[in-house]
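Contents: one structure, followed by commentary.
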Amino acid sequence: MSTQPLPLDGVTVVAVEQAVAAPFATRQLADLGARVIKIERPDGGDFARGYDTAARGLASHFVWCNRGKESVAIDLKDPRGLAVVRQLAGEADVFVQNLAQGAAARLGLDAATLCAGHPRLVAVDISGYGAEGPYAHKRAYDMLVQCEAGLVSVTGTPGQPVKAGIPAADIAAAMYAFSGVLAALLRRATTGRGGPVEVSMLDALTEWMGHPLHHGMHGGGSPARTGLAHSVIAPYDAYATADGERVLLSVQNDREWRRLAGQVLEQPELADDPDFATNAARTANRERTDAVVARALGVLTGKEALAALDAAGIACARLNTVADVAAHPQLAARDRWREVESPVGALRALLPPITLPGGAEPRMGAVPALGEHTDATLRALGMTDEQTAALRRDGVIA
């Protein structure tokens with residue numbers, strides 16, 4: 001039985017990108033079959049290549065965000081290099097950029113300019129704060145946007161706000177850019193026209209702030225920072241077990257509390273105790289609620305606690321380390337790991353979360369070396385070997 005092709009087979013993407021937001025967006029497109037041509041600086045390339053050397057000498061951010069792409073190293077400040085990129089953009093289906101605000105417009109690579117000249121092109125501008133307004137030209141790195149969007153104010157402990165341990169603002173912008181491209185391509189299929197797509201990191205992460213934002217705007221006040229606990233649900237926290245593990249549990253309604261009290265806490269009378277019978281009462285008496293749960297779980301091993309909670313139908317989890325996740329039995333059982341090639345050999349990578357049953361497996365291509373595809377790309381544009389050699393001699397390409 002033949003499989004369906006990848007949904008973006010035949011789609012060409014050109015990306016002038018760096019760091020995380022744009023590269024992570026275009027990696028999703030590459031995984032789904034698109035050809036992604038990544039434009040990098042000749043002198044070092046995407047600066048994310050230099051973040052660390054954790055992936056056997058390669059940067060972990062770069063490995064994560066750039067598999068399956070073709071690297072073309074070209075100097076946009078040289079008119080000859082810029083002309084090549086403009087030609088590539090004109091022949092592409094999608095163009096993505098996340099240069100500093102105003103830089104793309106100065107080069108004629110902003111979405112409005114490109115779409116005006118190429119009506120079928122879908123062109124994406126990813127920025128920190130958007131093209132207009134008092135913050136338009138502020139530098140926008142992930143942690144800064146986490147602060148501006150209020151995420152840090154609701155993350156951490158009562159005494160210490162903390163940023164998220166992953167680049168949440170970058171990822172949010174990337175995923176809205178990815179879905180924006182898909183929506184624009186779908187519209188082009190019916191209208192014949194592409195058009196600009198605009199995504200800002202602040203807009204994206206503020207949307208993800210939905211619960212605390214609406215809670216605060218509509219009279220509930222800013223939710224307290226509660227560590228691993230939930231600000232308005234109890235019990236919902238991590239509890240230590242006898243063997244030093246920490247087990248998280250979440251009681252979402254009073255029926256679940258009744259089961260927890262009778263089957264795990266072995267105090268069925270708490271189901272009807274007015275201090276504990278409702279979520280509002282348990283939240284108001286959070287310290288007493290947590291103490292009751294902690295005493296019950298504290299005499300069990302982590303394995304015993306999880307088994308008891310599962311048997312009672314209570315949502316629960318282990319507090320895993322990164323190493324635990326890499327060895328997670330659920331990921332292994334579902335065969336979610338693959339290997340991708342790179343300049344340093346095969347590297348382990350997770351299948352993308354979008355699964356299309358009956359279709360071809362995502363195209364998890366190699367992580368490119370800087371400029372690995374420059375010559376082949378220029379040759380495909382009609383450039384001779386002599387012309388390419390001259391550009392390389394002048395430092396325009398690498």
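For the structure tokens, the naming scheme is as follows: chains receive sequential letters (A, B, ...) according to their order of presentation, residues are indexed from 1 within each chain, and ligands are indexed from 1 in presentation order.
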
Strand (DSSP E or B) call set, DSSP backbone run, region 101-214 of chain A, as a PyMOL selection string: chain A and resi 122-127+156-157+160-161+195-200

Ala311 (chain A) surroundings by only C-alpha atoms, 9 Å radius, close-in-sequence under 4 positions cut, as a ChimeraX atom specification: /A:263,306-307

I need the residues from that last selection saved to file as a compact mmCIF listing (two decimals), in the first residue's frame (with all heavy atoms), if you can.
# COMPACT_ATOMS: atom_id res chain seq x y z
N GLN A 263 -8.86 6.47 48.89
CA GLN A 263 -8.04 5.37 48.40
C GLN A 263 -6.55 5.57 48.59
O GLN A 263 -5.79 4.59 48.63
CB GLN A 263 -8.33 5.14 46.91
CG GLN A 263 -9.78 4.77 46.62
CD GLN A 263 -10.04 4.58 45.13
OE1 GLN A 263 -9.25 3.96 44.43
NE2 GLN A 263 -11.16 5.13 44.65
N LEU A 306 3.09 6.45 42.74
CA LEU A 306 2.51 6.53 41.41
C LEU A 306 1.50 5.42 41.17
O LEU A 306 0.43 5.64 40.59
CB LEU A 306 3.62 6.48 40.35
CG LEU A 306 4.53 7.71 40.28
CD1 LEU A 306 5.73 7.42 39.39
CD2 LEU A 306 3.77 8.93 39.76
N ALA A 307 1.81 4.22 41.65
CA ALA A 307 0.89 3.10 41.47
C ALA A 307 -0.42 3.35 42.23
O ALA A 307 -1.51 3.08 41.70
CB ALA A 307 1.55 1.81 41.96

Would you kindly return, as a PDB file with C-alpha atoms, in the first residue's frame, each protein, DNA or RNA residue with an atom no farther than 8 Å from any atom of region 160-169 of chain A, considering only C-alpha atoms and excluding same-chain residues fewer than 5 positions away?
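Final file, out_9.pdb:
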ATOM      1  CA  ASP A 142      13.927  35.554  24.473  1.00  0.00           C
ATOM      2  CA  MET A 143      14.427  36.322  28.165  1.00  0.00           C
ATOM      3  CA  VAL A 145      10.363  39.175  25.879  1.00  0.00           C
ATOM      4  CA  GLN A 146       9.487  36.682  28.615  1.00  0.00           C
ATOM      5  CA  CYS A 147       9.782  39.615  31.021  1.00  0.00           C
ATOM      6  CA  LEU A 151       5.641  35.261  31.913  1.00  0.00           C
ATOM      7  CA  VAL A 152       8.424  35.748  34.447  1.00  0.00           C
ATOM      8  CA  SER A 153       6.000  37.450  36.851  1.00  0.00           C
ATOM      9  CA  VAL A 154       3.946  34.257  37.183  1.00  0.00           C
ATOM     10  CA  THR A 155       6.819  31.746  37.022  1.00  0.00           C
ATOM     11  CA  MET A 201       7.502  37.393  19.812  1.00  0.00           C
ATOM     12  CA  LEU A 202       5.610  39.675  22.202  1.00  0.00           C
ATOM     13  CA  ALA A 204       2.894  35.263  20.472  1.00  0.00           C
ATOM     14  CA  LEU A 205       3.951  34.924  24.094  1.00  0.00           C
ATOM     15  CA  ARG A 225       3.915  32.552  41.839  1.00  0.00           C
TER      16      ARG A 225
END

Picked from region 267-335 of chain A by DSSP as helix (DSSP H, G or I), as an NGL selection string: :A and (268-271 or 279-284 or 286-297 or 302-311 or 322-326 or 329-333)

Selection near Val11 (chain A), 9 Å with only C-alpha atoms, sequence-local residues under 5 positions removed, as a PyMOL selection string: chain A and resi 29+33-36+92-94

Could I get the residues of region 58-111 of chain A with an atom no further than 10 Å from an atom of region 344-351 of chain A, each paired with its nearest atom pair and that distance in Å to one decimal, using only C-alpha atoms, sorted by chain and residue number, as CSV?
residue,atom,partner,partner_atom,distance
A:Leu58,CA,A:Val344,CA,7.7
A:Val63,CA,A:Leu347,CA,8.6
A:Trp64,CA,A:Ala349,CA,7.9
A:Arg67,CA,A:Ala349,CA,9.6

Suppose we keep C-alpha atoms; can you now write the selection as a compact mmCIF listing (two decimals), in the first residue's frame?
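What follows is the written file selection_23.txt:
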# COMPACT_ATOMS: atom_id res chain seq x y z
CA LEU A 58 28.11 21.36 17.46
CA VAL A 63 21.25 21.04 15.81
CA TRP A 64 17.72 21.26 17.21
CA ARG A 67 18.14 19.79 10.43

Selection near Leu319 (chain A), 9 Å with only C-alpha atoms, sequence-local residues under 2 positions removed, as a list in words: Ala238, Glu245, Arg246, Val247, Leu248, Ala317 and Thr321 of chain A

Neighbour list for Arg86 (chain A) as a PyMOL selection string, cut-off 12 Å, only C-alpha atoms, skip fewer than 4 positions in-chain: chain A and resi 14-16+39+74+76+79-82+90-92+95+104+107-110+113-115+117-118+381

Nearest candidate to Ala294 (chain A) (options A:Pro235, A:Gly216, A:Gly150, A:Gly395; using only C-alpha atoms): A:Pro235

Pick from A:Leu88, A:Tyr176, A:Val251, A:Gln18, whichever lies nearest to Tyr141 (chain A) using only C-alpha atoms: A:Gln18

Shortest interatomic distance to Leu378 (chain A) - which of A:Arg336, A:Lys303, A:Ala234, A:Val85, counting only C-alpha atoms: A:Val85

Surrounding residues of Pro343 (chain A) excluding itself and chain neighbours under 3 positions, 10 Å, only C-alpha atoms, as a list of chain:residue names: A:Arg56, A:Gly57, A:Leu58, A:Ala346, A:Leu347, A:Ala366, A:Val367, A:Pro368, A:Ala369, A:Leu370, A:Glu372
